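With mmCIF, C-alpha atoms inside, this is coords-v3.cif:
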```
data_my_file
loop_
_atom_site.group_PDB
_atom_site.id
_atom_site.type_symbol
_atom_site.label_atom_id
_atom_site.label_comp_id
_atom_site.auth_asym_id
_atom_site.auth_seq_id
_atom_site.Cartn_x
_atom_site.Cartn_y
_atom_site.Cartn_z
ATOM 1 C CA MET A 1 22.380 -24.976 2.150
ATOM 2 C CA GLN A 2 25.897 -26.266 1.951
ATOM 3 C CA GLN A 3 26.996 -29.084 -0.252
ATOM 4 C CA THR A 4 28.279 -32.106 1.570
ATOM 5 C CA PRO A 5 29.625 -35.324 0.157
ATOM 6 C CA GLN A 6 26.552 -37.042 1.566
ATOM 7 C CA ASN A 7 23.941 -34.794 0.022
ATOM 8 C CA HIS A 8 25.381 -33.488 -3.220
ATOM 9 C CA ASP A 9 23.676 -36.083 -5.349
ATOM 10 C CA ALA A 10 20.470 -36.265 -3.344
ATOM 11 C CA GLY A 11 17.555 -35.361 -5.580
ATOM 12 C CA ASN A 12 19.499 -36.658 -8.562
ATOM 13 C CA ILE A 13 17.140 -37.830 -11.292
ATOM 14 C CA LYS A 14 17.736 -40.904 -13.351
ATOM 15 C CA PRO A 15 18.283 -39.874 -16.999
ATOM 16 C CA ASP A 16 15.427 -42.077 -18.202
ATOM 17 C CA ARG A 17 13.013 -40.462 -15.771
ATOM 18 C CA THR A 18 13.982 -36.982 -17.014
ATOM 19 C CA ASN A 19 13.275 -37.990 -20.622
ATOM 20 C CA LEU A 20 9.951 -39.572 -19.659
ATOM 21 C CA LEU A 21 8.921 -36.511 -17.675
ATOM 22 C CA TRP A 22 9.691 -34.204 -20.612
ATOM 23 C CA LEU A 23 7.639 -36.428 -22.926
ATOM 24 C CA GLY A 24 4.814 -36.502 -20.370
ATOM 25 C CA LEU A 25 4.859 -32.703 -20.007
ATOM 26 C CA VAL A 26 4.727 -32.210 -23.793
ATOM 27 C CA GLY A 27 1.955 -34.819 -24.154
ATOM 28 C CA LEU A 28 -0.179 -33.284 -21.385
ATOM 29 C CA THR A 29 0.276 -29.804 -22.888
ATOM 30 C CA LEU A 30 -0.958 -30.991 -26.296
ATOM 31 C CA LEU A 31 -3.852 -32.882 -24.690
ATOM 32 C CA SER A 32 -4.995 -29.849 -22.688
ATOM 33 C CA VAL A 33 -4.936 -27.663 -25.823
ATOM 34 C CA VAL A 34 -6.993 -30.238 -27.755
ATOM 35 C CA VAL A 35 -9.536 -30.429 -24.905
ATOM 36 C CA GLY A 36 -9.679 -26.631 -24.535
ATOM 37 C CA GLU A 37 -10.004 -25.875 -28.242
ATOM 38 C CA SER A 38 -12.196 -28.781 -29.379
ATOM 39 C CA GLY A 39 -15.538 -27.482 -28.185
ATOM 40 C CA PRO A 40 -17.410 -24.685 -26.453
ATOM 41 C CA PRO A 41 -16.115 -23.642 -23.003
ATOM 42 C CA SER A 42 -17.334 -25.980 -20.276
ATOM 43 C CA VAL A 43 -16.808 -26.430 -16.544
ATOM 44 C CA LEU A 44 -15.731 -30.039 -17.140
ATOM 45 C CA ALA A 45 -13.024 -28.995 -19.635
ATOM 46 C CA THR A 46 -11.820 -26.274 -17.226
ATOM 47 C CA PHE A 47 -11.632 -28.835 -14.401
ATOM 48 C CA PHE A 48 -9.651 -31.242 -16.601
ATOM 49 C CA ILE A 49 -7.227 -28.532 -17.802
ATOM 50 C CA CYS A 50 -6.588 -27.396 -14.203
ATOM 51 C CA LEU A 51 -5.884 -31.002 -13.165
ATOM 52 C CA VAL A 52 -3.369 -31.263 -16.042
ATOM 53 C CA VAL A 53 -1.742 -27.987 -14.921
ATOM 54 C CA LEU A 54 -1.452 -29.305 -11.347
ATOM 55 C CA LEU A 55 0.150 -32.556 -12.535
ATOM 56 C CA LYS A 56 2.637 -30.688 -14.763
ATOM 57 C CA GLY A 57 3.489 -28.318 -11.907
ATOM 58 C CA ARG A 58 4.039 -31.243 -9.528
ATOM 59 C CA TRP A 59 6.502 -32.886 -11.934
ATOM 60 C CA ILE A 60 8.440 -29.664 -12.454
ATOM 61 C CA ILE A 61 8.565 -28.811 -8.730
ATOM 62 C CA ARG A 62 9.526 -32.278 -7.494
ATOM 63 C CA ASP A 63 11.729 -33.567 -10.331
ATOM 64 C CA PHE A 64 13.064 -30.739 -12.506
ATOM 65 C CA MET A 65 13.467 -28.238 -9.641
ATOM 66 C CA GLY A 66 14.702 -31.074 -7.443
ATOM 67 C CA LEU A 67 12.484 -30.225 -4.461
ATOM 68 C CA ARG A 68 11.448 -33.857 -3.915
ATOM 69 C CA HIS A 69 14.155 -34.206 -1.247
ATOM 70 C CA ALA A 70 14.364 -30.523 -0.289
ATOM 71 C CA ALA A 71 13.605 -28.821 3.015
ATOM 72 C CA PRO A 72 9.896 -29.207 3.890
ATOM 73 C CA LEU A 73 9.290 -25.440 4.109
ATOM 74 C CA THR A 74 10.677 -24.730 0.638
ATOM 75 C CA ARG A 75 8.762 -27.608 -0.937
ATOM 76 C CA ARG A 76 5.507 -26.727 0.843
ATOM 77 C CA ILE A 77 5.681 -23.037 -0.093
ATOM 78 C CA VAL A 78 6.228 -23.697 -3.813
ATOM 79 C CA THR A 79 3.752 -26.611 -4.001
ATOM 80 C CA GLY A 80 1.157 -24.727 -1.919
ATOM 81 C CA TYR A 81 1.531 -21.594 -4.038
ATOM 82 C CA PHE A 82 1.015 -23.499 -7.268
ATOM 83 C CA PHE A 83 -1.970 -25.452 -5.896
ATOM 84 C CA ALA A 84 -3.577 -22.261 -4.533
ATOM 85 C CA MET A 85 -3.099 -20.282 -7.775
ATOM 86 C CA THR A 86 -4.332 -23.098 -10.039
ATOM 87 C CA SER A 87 -7.352 -23.718 -7.781
ATOM 88 C CA LEU A 88 -8.150 -19.997 -7.745
ATOM 89 C CA VAL A 89 -8.010 -19.872 -11.551
ATOM 90 C CA GLY A 90 -10.085 -23.054 -11.919
ATOM 91 C CA ILE A 91 -12.784 -21.972 -9.427
ATOM 92 C CA SER A 92 -13.012 -18.437 -10.887
ATOM 93 C CA VAL A 93 -13.187 -19.532 -14.528
ATOM 94 C CA GLY A 94 -15.528 -22.431 -13.673
ATOM 95 C CA TYR A 95 -17.858 -20.107 -11.735
ATOM 96 C CA LEU A 96 -18.001 -17.611 -14.601
ATOM 97 C CA GLN A 97 -18.717 -20.398 -17.102
ATOM 98 C CA PHE A 98 -21.428 -21.851 -14.824
ATOM 99 C CA THR A 99 -23.188 -18.497 -14.369
ATOM 100 C CA ALA A 100 -22.721 -17.259 -17.965
ATOM 101 C CA THR A 101 -25.935 -16.577 -19.866
ATOM 102 C CA PRO A 102 -26.041 -18.455 -23.196
ATOM 103 C CA MET B 1 9.761 -29.992 14.175
ATOM 104 C CA THR B 2 12.325 -27.305 14.982
ATOM 105 C CA ALA B 3 12.911 -24.154 12.909
ATOM 106 C CA LEU B 4 16.213 -25.595 11.717
ATOM 107 C CA GLU B 5 14.496 -28.765 10.537
ATOM 108 C CA LEU B 6 11.825 -26.738 8.725
ATOM 109 C CA PHE B 7 14.396 -24.764 6.732
ATOM 110 C CA SER B 8 16.962 -27.438 6.061
ATOM 111 C CA GLY B 9 14.803 -30.531 6.434
ATOM 112 C CA PRO B 10 14.828 -33.240 9.075
ATOM 113 C CA VAL B 11 16.985 -35.497 6.971
ATOM 114 C CA ALA B 12 19.368 -32.685 6.040
ATOM 115 C CA ILE B 13 20.684 -32.753 9.542
ATOM 116 C CA GLN B 14 21.635 -36.380 8.917
ATOM 117 C CA GLY B 15 23.132 -35.325 5.561
ATOM 118 C CA LYS B 16 20.564 -36.799 3.113
ATOM 119 C CA SER B 17 18.256 -33.909 2.164
ATOM 120 C CA HIS B 18 19.287 -31.163 -0.198
ATOM 121 C CA THR B 19 17.579 -27.931 -1.248
ATOM 122 C CA PRO B 20 19.060 -26.587 -4.518
ATOM 123 C CA GLY B 21 20.530 -23.080 -4.378
ATOM 124 C CA SER B 22 20.922 -20.722 -1.432
ATOM 125 C CA ILE B 23 18.315 -19.257 0.944
ATOM 126 C CA ALA B 24 18.836 -15.845 -0.731
ATOM 127 C CA VAL B 25 17.840 -17.280 -4.129
ATOM 128 C CA TRP B 26 14.707 -18.833 -2.650
ATOM 129 C CA ILE B 27 13.651 -15.577 -0.993
ATOM 130 C CA PHE B 28 14.062 -13.921 -4.419
ATOM 131 C CA ILE B 29 11.986 -16.695 -6.030
ATOM 132 C CA TYR B 30 9.234 -16.263 -3.390
ATOM 133 C CA ALA B 31 9.178 -12.517 -4.140
ATOM 134 C CA GLU B 32 8.808 -13.216 -7.866
ATOM 135 C CA LEU B 33 6.035 -15.742 -7.225
ATOM 136 C CA THR B 34 4.222 -13.157 -5.079
ATOM 137 C CA GLU B 35 4.485 -10.631 -7.907
ATOM 138 C CA PHE B 36 2.922 -13.104 -10.338
ATOM 139 C CA ALA B 37 0.219 -13.968 -7.781
ATOM 140 C CA PHE B 38 -0.860 -10.297 -7.871
ATOM 141 C CA PHE B 39 -0.926 -10.442 -11.698
ATOM 142 C CA PHE B 40 -3.146 -13.533 -11.584
ATOM 143 C CA LEU B 41 -5.452 -11.840 -9.069
ATOM 144 C CA ALA B 42 -5.642 -8.676 -11.197
ATOM 145 C CA PHE B 43 -6.446 -10.776 -14.281
ATOM 146 C CA LEU B 44 -9.213 -12.708 -12.500
ATOM 147 C CA ILE B 45 -10.745 -9.557 -10.973
ATOM 148 C CA ALA B 46 -10.797 -7.924 -14.423
ATOM 149 C CA LYS B 47 -12.357 -11.133 -15.814
ATOM 150 C CA PHE B 48 -15.205 -10.852 -13.272
ATOM 151 C CA TYR B 49 -15.797 -7.188 -14.223
ATOM 152 C CA PHE B 50 -15.657 -7.735 -18.010
ATOM 153 C CA PRO B 51 -16.709 -11.379 -18.596
ATOM 154 C CA GLY B 52 -17.717 -10.750 -22.215
ATOM 155 C CA GLU B 53 -14.357 -9.314 -23.278
ATOM 156 C CA PHE B 54 -12.477 -12.088 -21.446
ATOM 157 C CA ARG B 55 -14.662 -14.805 -23.014
ATOM 158 C CA GLU B 56 -14.064 -13.534 -26.556
ATOM 159 C CA GLY B 57 -10.412 -12.499 -26.063
ATOM 160 C CA PRO B 58 -8.590 -15.887 -26.107
ATOM 161 C CA SER B 59 -10.138 -16.886 -29.456
ATOM 162 C CA GLN B 60 -8.534 -13.790 -31.055
ATOM 163 C CA LEU B 61 -5.056 -14.721 -29.815
ATOM 164 C CA ASN B 62 -2.375 -16.721 -31.633
ATOM 165 C CA THR B 63 -2.774 -20.003 -29.712
ATOM 166 C CA LEU B 64 -0.037 -21.643 -31.811
ATOM 167 C CA ALA B 65 2.490 -19.059 -30.545
ATOM 168 C CA GLY B 66 1.401 -19.747 -26.959
ATOM 169 C CA LEU B 67 1.633 -23.508 -27.480
ATOM 170 C CA LEU B 68 5.078 -23.275 -29.116
ATOM 171 C CA ASN B 69 6.357 -21.129 -26.257
ATOM 172 C CA THR B 70 5.014 -23.650 -23.739
ATOM 173 C CA LEU B 71 6.890 -26.461 -25.492
ATOM 174 C CA VAL B 72 10.047 -24.304 -25.715
ATOM 175 C CA LEU B 73 9.939 -23.485 -21.989
ATOM 176 C CA LEU B 74 9.291 -27.125 -21.007
ATOM 177 C CA THR B 75 12.291 -28.109 -23.131
ATOM 178 C CA SER B 76 14.392 -25.371 -21.529
ATOM 179 C CA SER B 77 13.509 -26.732 -18.072
ATOM 180 C CA PHE B 78 14.577 -30.183 -19.270
ATOM 181 C CA CYS B 79 17.914 -28.737 -20.498
ATOM 182 C CA VAL B 80 18.655 -26.901 -17.260
ATOM 183 C CA ALA B 81 17.751 -30.008 -15.205
ATOM 184 C CA ARG B 82 20.229 -31.946 -17.374
ATOM 185 C CA ALA B 83 22.886 -29.274 -16.737
ATOM 186 C CA VAL B 84 22.473 -29.722 -12.966
ATOM 187 C CA GLN B 85 22.701 -33.513 -13.363
ATOM 188 C CA ALA B 86 25.853 -33.100 -15.471
ATOM 189 C CA ILE B 87 27.668 -30.881 -12.949
ATOM 190 C CA LYS B 88 26.787 -33.342 -10.173
ATOM 191 C CA ARG B 89 28.691 -35.955 -12.194
ATOM 192 C CA GLY B 90 31.535 -33.468 -12.696
ATOM 193 C CA ALA B 91 30.913 -33.371 -16.469
ATOM 194 C CA GLN B 92 31.882 -29.743 -17.109
ATOM 195 C CA ARG B 93 31.619 -29.806 -20.928
ATOM 196 C CA GLN B 94 28.131 -31.353 -20.866
ATOM 197 C CA THR B 95 27.046 -28.815 -18.256
ATOM 198 C CA VAL B 96 28.065 -25.934 -20.524
ATOM 199 C CA ILE B 97 26.318 -27.485 -23.540
ATOM 200 C CA TRP B 98 23.038 -28.005 -21.644
ATOM 201 C CA LEU B 99 23.189 -24.448 -20.263
ATOM 202 C CA LEU B 100 23.743 -23.031 -23.763
ATOM 203 C CA CYS B 101 20.767 -25.102 -24.988
ATOM 204 C CA THR B 102 18.704 -23.415 -22.245
ATOM 205 C CA VAL B 103 19.847 -19.976 -23.431
ATOM 206 C CA ALA B 104 18.940 -20.956 -27.006
ATOM 207 C CA ALA B 105 15.461 -21.891 -25.764
ATOM 208 C CA GLY B 106 15.185 -18.491 -24.052
ATOM 209 C CA VAL B 107 16.109 -16.731 -27.319
ATOM 210 C CA THR B 108 13.587 -18.885 -29.216
ATOM 211 C CA TYR B 109 10.887 -17.867 -26.723
ATOM 212 C CA CYS B 110 11.697 -14.179 -27.362
ATOM 213 C CA LEU B 111 11.566 -14.665 -31.158
ATOM 214 C CA ILE B 112 8.176 -16.417 -30.934
ATOM 215 C CA LYS B 113 6.917 -13.588 -28.697
ATOM 216 C CA ALA B 114 8.084 -11.021 -31.279
ATOM 217 C CA TRP B 115 6.201 -12.963 -33.993
ATOM 218 C CA GLU B 116 3.104 -13.085 -31.763
ATOM 219 C CA TYR B 117 3.160 -9.330 -31.122
ATOM 220 C CA GLN B 118 3.557 -8.669 -34.867
ATOM 221 C CA TRP B 119 0.694 -11.087 -35.578
ATOM 222 C CA ASN B 120 -1.484 -9.159 -33.095
ATOM 223 C CA GLU B 121 -0.501 -5.806 -34.571
ATOM 224 C CA ALA B 122 -1.400 -6.970 -38.102
ATOM 225 C CA ARG B 123 -4.925 -7.672 -36.787
ATOM 226 C CA GLY B 124 -5.195 -4.331 -35.044
ATOM 227 C CA ILE B 125 -4.825 -5.806 -31.554
ATOM 228 C CA THR B 126 -3.055 -3.515 -29.073
ATOM 229 C CA ALA B 127 -2.994 -3.028 -25.301
ATOM 230 C CA ARG B 128 -5.719 -0.391 -25.774
ATOM 231 C CA THR B 129 -8.136 -2.677 -27.666
ATOM 232 C CA ASN B 130 -10.006 -3.698 -24.491
ATOM 233 C CA TYR B 131 -9.435 -4.770 -20.877
ATOM 234 C CA PHE B 132 -8.607 -8.373 -21.859
ATOM 235 C CA PHE B 133 -5.776 -7.292 -24.141
ATOM 236 C CA ALA B 134 -4.546 -4.713 -21.618
ATOM 237 C CA THR B 135 -4.106 -7.439 -18.967
ATOM 238 C CA TYR B 136 -2.780 -9.856 -21.619
ATOM 239 C CA TYR B 137 0.007 -7.439 -22.638
ATOM 240 C CA TYR B 138 0.738 -6.570 -19.001
ATOM 241 C CA LEU B 139 1.139 -10.226 -17.997
ATOM 242 C CA MET B 140 2.972 -11.231 -21.194
ATOM 243 C CA PHE B 141 5.475 -8.383 -21.054
ATOM 244 C CA ASN B 142 6.283 -9.096 -17.404
ATOM 245 C CA HIS B 143 6.868 -12.766 -18.119
ATOM 246 C CA PHE B 144 8.923 -11.831 -21.195
ATOM 247 C CA LEU B 145 11.157 -9.640 -18.988
ATOM 248 C CA HIS B 146 11.683 -12.556 -16.611
ATOM 249 C CA VAL B 147 12.711 -14.810 -19.504
ATOM 250 C CA VAL B 148 15.239 -12.175 -20.689
ATOM 251 C CA ILE B 149 16.689 -11.800 -17.167
ATOM 252 C CA GLY B 150 16.728 -15.599 -16.746
ATOM 253 C CA SER B 151 18.477 -16.097 -20.106
ATOM 254 C CA PHE B 152 21.262 -13.660 -19.158
ATOM 255 C CA THR B 153 21.591 -15.359 -15.759
ATOM 256 C CA ILE B 154 21.905 -18.815 -17.356
ATOM 257 C CA LEU B 155 24.375 -17.399 -19.919
ATOM 258 C CA GLY B 156 26.509 -16.012 -17.079
ATOM 259 C CA THR B 157 26.304 -19.389 -15.347
ATOM 260 C CA ALA B 158 27.434 -21.110 -18.584
ATOM 261 C CA VAL B 159 30.457 -18.801 -18.769
ATOM 262 C CA LEU B 160 31.345 -19.562 -15.136
ATOM 263 C CA ALA B 161 30.876 -23.292 -15.770
ATOM 264 C CA ALA B 162 33.170 -23.078 -18.822
ATOM 265 C CA LEU B 163 35.787 -21.328 -16.656
ATOM 266 C CA GLY B 164 35.646 -24.213 -14.188
ATOM 267 C CA HIS B 165 33.921 -22.238 -11.430
ATOM 268 C CA TYR B 166 31.598 -25.137 -10.586
ATOM 269 C CA THR B 167 32.570 -28.638 -9.511
ATOM 270 C CA ALA B 168 30.683 -31.791 -8.594
ATOM 271 C CA ASP B 169 30.891 -30.804 -4.923
ATOM 272 C CA SER B 170 30.377 -27.045 -5.238
ATOM 273 C CA HIS B 171 27.706 -25.740 -7.615
ATOM 274 C CA GLU B 172 25.243 -23.798 -5.472
ATOM 275 C CA GLY B 173 25.210 -20.829 -7.892
ATOM 276 C CA LEU B 174 24.299 -23.044 -10.834
ATOM 277 C CA GLU B 175 21.501 -24.672 -8.843
ATOM 278 C CA GLY B 176 20.180 -21.244 -7.833
ATOM 279 C CA ALA B 177 20.070 -20.060 -11.457
ATOM 280 C CA ALA B 178 18.406 -23.347 -12.467
ATOM 281 C CA SER B 179 15.749 -22.945 -9.757
ATOM 282 C CA TYR B 180 15.017 -19.410 -10.962
ATOM 283 C CA TRP B 181 14.614 -20.696 -14.536
ATOM 284 C CA HIS B 182 12.262 -23.481 -13.390
ATOM 285 C CA MET B 183 10.193 -20.829 -11.579
ATOM 286 C CA ILE B 184 9.785 -18.949 -14.893
ATOM 287 C CA ASP B 185 8.590 -22.171 -16.547
ATOM 288 C CA LEU B 186 6.285 -23.000 -13.615
ATOM 289 C CA VAL B 187 4.530 -19.638 -13.847
ATOM 290 C CA TRP B 188 4.108 -20.007 -17.627
ATOM 291 C CA ILE B 189 2.437 -23.405 -17.155
ATOM 292 C CA LEU B 190 -0.445 -21.547 -15.459
ATOM 293 C CA ILE B 191 -0.324 -18.435 -17.677
ATOM 294 C CA PHE B 192 -0.755 -20.451 -20.890
ATOM 295 C CA PRO B 193 -4.183 -21.996 -20.149
ATOM 296 C CA LEU B 194 -5.351 -18.875 -18.275
ATOM 297 C CA ILE B 195 -4.702 -16.553 -21.233
ATOM 298 C CA TYR B 196 -4.966 -18.743 -24.335
ATOM 299 C CA VAL B 197 -7.190 -21.720 -23.551
ATOM 300 C CA LEU B 198 -9.725 -21.096 -20.733
ATOM 301 C CA ARG B 199 -12.685 -18.897 -21.704
#
```

Can you give me the file's structure in the form of structure tokens?
Amino acid sequence: MQQTPQNHDAGNIKPDRTNLLWLGLVGLTLLSVVVGESGPPSVLATFFICLVVLLKGRWIIRDFMGLRHAAPLTRRIVTGYFFAMTSLVGISVGYLQFTATP
Amino acid sequence: MTALELFSGPVAIQGKSHTPGSIAVWIFIYAELTEFAFFFLAFLIAKFYFPGEFREGPSQLNTLAGLLNTLVLLTSSFCVARAVQAIKRGAQRQTVIWLLCTVAAGVTYCLIKAWEYQWNEARGITARTNYFFATYYYLMFNHFLHVVIGSFTILGTAVLAALGHYTADSHEGLEGAASYWHMIDLVWILIFPLIYVLR
């Protein structure tokens, strides 16, 4: 993956976008904690928290890691891994909450 | 799509796409992600076997410590992304400053972890308390080790940047270290709700 004059600033993020993304990541983290801690465990809250995790992961992978303009294989492996792991966690926790005896 | 296009991207051949770091770094990152995937699987399997312990466990943890560490790691990812942007502009001094901010975030994470472990110990919580805490300590300690390794890597990169090793046109090593650090943050984004929030 050699640097060339043509590609060395590909994937460069505008400074404003980086600030906004950081604010968005912090805001979503606080929101997910409020949702998770504000009431008894529920499938709906689990679903919402997993969606927040997926959105945060997408921002980090595409913008902070700079994989938005990366090779398709690299981007697909990292994105696919994160989607698979978050889905697995969400489905497992949701299933256990759904089948839990009160 | 040819194998070359898959690895370097169809546009890379025309000189527009760019994957940060080297192939070797990415193979290392994939190996680390696989390791964490096994930890997640082990945690979920244990959760199915001991649902009661795993339902009660998160409420006994120091959620504030987990939240603070999440914010610290998100900020560290922001700093390292800024360092990569700075070196692409050829701003060596700014690159070093952002990298040192990342190291400071890594140290802060370790200090918060130390506080969290002390907090647990004061309440009689250890790795032997039950299966939830055994998997909690196992996962936490492994992630902690990755943060320590990542902090030393970023520190080494900061030293090299200060010595003028990286330029606007040649900074593959810095990008590789940054990608590794982002991977540590990415994994924590899933660990935090799994351990502290979801019951």

Could you list the residues chosen by the PyMOL selection byres ((chain A and resi 18) around 12) in this structure as number ranges by chain?
A: 12-17, 19-25, 59-60, 62-66; B: 74-75, 77-85

Which residue gives the smallest distance to B:Leu73 among B:Leu194, B:Val103, B:Ala37, B:Leu163, with only C-alpha atoms counted?
B:Val103

Any idea which chain B residues end up within 8 Å of chain A if we count all atoms listed in the file, as a compact mmCIF listing (two decimals) with C-alpha atoms, keeping the file's coordinate frame please?
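As a result, out.txt now contains:
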```txt
# COMPACT_ATOMS: atom_id res chain seq x y z
CA GLU B 5 14.50 -28.76 10.54
CA LEU B 6 11.82 -26.74 8.72
CA PHE B 7 14.40 -24.76 6.73
CA SER B 8 16.96 -27.44 6.06
CA GLY B 9 14.80 -30.53 6.43
CA PRO B 10 14.83 -33.24 9.07
CA ALA B 12 19.37 -32.68 6.04
CA GLY B 15 23.13 -35.33 5.56
CA LYS B 16 20.56 -36.80 3.11
CA SER B 17 18.26 -33.91 2.16
CA HIS B 18 19.29 -31.16 -0.20
CA THR B 19 17.58 -27.93 -1.25
CA PRO B 20 19.06 -26.59 -4.52
CA GLY B 21 20.53 -23.08 -4.38
CA SER B 22 20.92 -20.72 -1.43
CA ILE B 23 18.32 -19.26 0.94
CA TRP B 26 14.71 -18.83 -2.65
CA ALA B 37 0.22 -13.97 -7.78
CA PHE B 40 -3.15 -13.53 -11.58
CA LEU B 44 -9.21 -12.71 -12.50
CA PHE B 48 -15.20 -10.85 -13.27
CA PRO B 51 -16.71 -11.38 -18.60
CA LEU B 67 1.63 -23.51 -27.48
CA THR B 70 5.01 -23.65 -23.74
CA LEU B 71 6.89 -26.46 -25.49
CA LEU B 74 9.29 -27.12 -21.01
CA THR B 75 12.29 -28.11 -23.13
CA SER B 77 13.51 -26.73 -18.07
CA PHE B 78 14.58 -30.18 -19.27
CA ALA B 81 17.75 -30.01 -15.20
CA GLN B 85 22.70 -33.51 -13.36
CA LYS B 88 26.79 -33.34 -10.17
CA ALA B 168 30.68 -31.79 -8.59
CA ASP B 169 30.89 -30.80 -4.92
CA SER B 170 30.38 -27.04 -5.24
CA GLU B 172 25.24 -23.80 -5.47
CA ALA B 178 18.41 -23.35 -12.47
CA SER B 179 15.75 -22.94 -9.76
CA HIS B 182 12.26 -23.48 -13.39
CA LEU B 186 6.28 -23.00 -13.62
CA ILE B 189 2.44 -23.40 -17.16
CA LEU B 190 -0.44 -21.55 -15.46
CA PRO B 193 -4.18 -22.00 -20.15
CA LEU B 194 -5.35 -18.88 -18.27
CA VAL B 197 -7.19 -21.72 -23.55
CA LEU B 198 -9.72 -21.10 -20.73
CA ARG B 199 -12.68 -18.90 -21.70
```

Take every atom of stretch 82-98 of chain A listed in the file, pad by 6 Å on each side, and give me the axis-aligned box centre and edge lengths in Å, one decimal, as lines of an AutoDock Vina configuration file.
```
center_x = -10.2
center_y = -21.5
center_z = -10.8
size_x = 34.4
size_y = 19.8
size_z = 24.6
```

I'd like the neighbourhood of B:Val107 as a PyMOL selection string, where a residue qualifies if any of its atoms comes within 9 Å (using only C-alpha atoms), though same-chain residues fewer than 4 positions away should be ignored.
chain B and resi 102-103+111-112+147-148+151

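The interatomic distance for the pair atom CA of B:Phe54 and atom CA of B:Thr129 works out to 12.1 Å.
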
Save stretch 50-64 of chain A to a file: N, CA and C atoms, as a PDB file, in the first residue's frame.
```pdb
ATOM      1  N   CYS A  50     -27.870  -1.468  20.416  1.00  0.00           N
ATOM      2  CA  CYS A  50     -27.077  -2.130  19.358  1.00  0.00           C
ATOM      3  C   CYS A  50     -27.047  -1.277  18.082  1.00  0.00           C
ATOM      4  N   LEU A  51     -28.153  -0.608  17.780  1.00  0.00           N
ATOM      5  CA  LEU A  51     -28.168   0.293  16.618  1.00  0.00           C
ATOM      6  C   LEU A  51     -27.175   1.440  16.819  1.00  0.00           C
ATOM      7  N   VAL A  52     -27.144   1.981  18.050  1.00  0.00           N
ATOM      8  CA  VAL A  52     -26.196   3.063  18.382  1.00  0.00           C
ATOM      9  C   VAL A  52     -24.759   2.560  18.223  1.00  0.00           C
ATOM     10  N   VAL A  53     -24.495   1.343  18.707  1.00  0.00           N
ATOM     11  CA  VAL A  53     -23.149   0.758  18.598  1.00  0.00           C
ATOM     12  C   VAL A  53     -22.757   0.624  17.124  1.00  0.00           C
ATOM     13  N   LEU A  54     -23.702   0.160  16.294  1.00  0.00           N
ATOM     14  CA  LEU A  54     -23.409  -0.004  14.864  1.00  0.00           C
ATOM     15  C   LEU A  54     -23.087   1.346  14.207  1.00  0.00           C
ATOM     16  N   LEU A  55     -23.850   2.375  14.570  1.00  0.00           N
ATOM     17  CA  LEU A  55     -23.621   3.702  13.987  1.00  0.00           C
ATOM     18  C   LEU A  55     -22.250   4.246  14.416  1.00  0.00           C
ATOM     19  N   LYS A  56     -21.927   4.085  15.711  1.00  0.00           N
ATOM     20  CA  LYS A  56     -20.620   4.550  16.204  1.00  0.00           C
ATOM     21  C   LYS A  56     -19.482   3.809  15.495  1.00  0.00           C
ATOM     22  N   GLY A  57     -19.655   2.493  15.361  1.00  0.00           N
ATOM     23  CA  GLY A  57     -18.629   1.679  14.689  1.00  0.00           C
ATOM     24  C   GLY A  57     -18.436   2.112  13.244  1.00  0.00           C
ATOM     25  N   ARG A  58     -19.549   2.402  12.567  1.00  0.00           N
ATOM     26  CA  ARG A  58     -19.480   2.836  11.160  1.00  0.00           C
ATOM     27  C   ARG A  58     -18.682   4.131  11.028  1.00  0.00           C
ATOM     28  N   TRP A  59     -18.928   5.075  11.940  1.00  0.00           N
ATOM     29  CA  TRP A  59     -18.204   6.358  11.884  1.00  0.00           C
ATOM     30  C   TRP A  59     -16.717   6.144  12.124  1.00  0.00           C
ATOM     31  N   ILE A  60     -16.395   5.305  13.101  1.00  0.00           N
ATOM     32  CA  ILE A  60     -14.969   5.081  13.404  1.00  0.00           C
ATOM     33  C   ILE A  60     -14.279   4.370  12.247  1.00  0.00           C
ATOM     34  N   ILE A  61     -14.930   3.341  11.690  1.00  0.00           N
ATOM     35  CA  ILE A  61     -14.317   2.568  10.600  1.00  0.00           C
ATOM     36  C   ILE A  61     -14.119   3.441   9.356  1.00  0.00           C
ATOM     37  N   ARG A  62     -15.164   4.151   8.966  1.00  0.00           N
ATOM     38  CA  ARG A  62     -15.110   4.895   7.698  1.00  0.00           C
ATOM     39  C   ARG A  62     -14.335   6.208   7.799  1.00  0.00           C
ATOM     40  N   ASP A  63     -14.502   6.930   8.929  1.00  0.00           N
ATOM     41  CA  ASP A  63     -13.906   8.269   9.015  1.00  0.00           C
ATOM     42  C   ASP A  63     -12.619   8.315   9.829  1.00  0.00           C
ATOM     43  N   PHE A  64     -12.657   7.813  11.072  1.00  0.00           N
ATOM     44  CA  PHE A  64     -11.447   7.886  11.898  1.00  0.00           C
ATOM     45  C   PHE A  64     -10.374   6.928  11.359  1.00  0.00           C
TER      46      PHE A  64
END
```
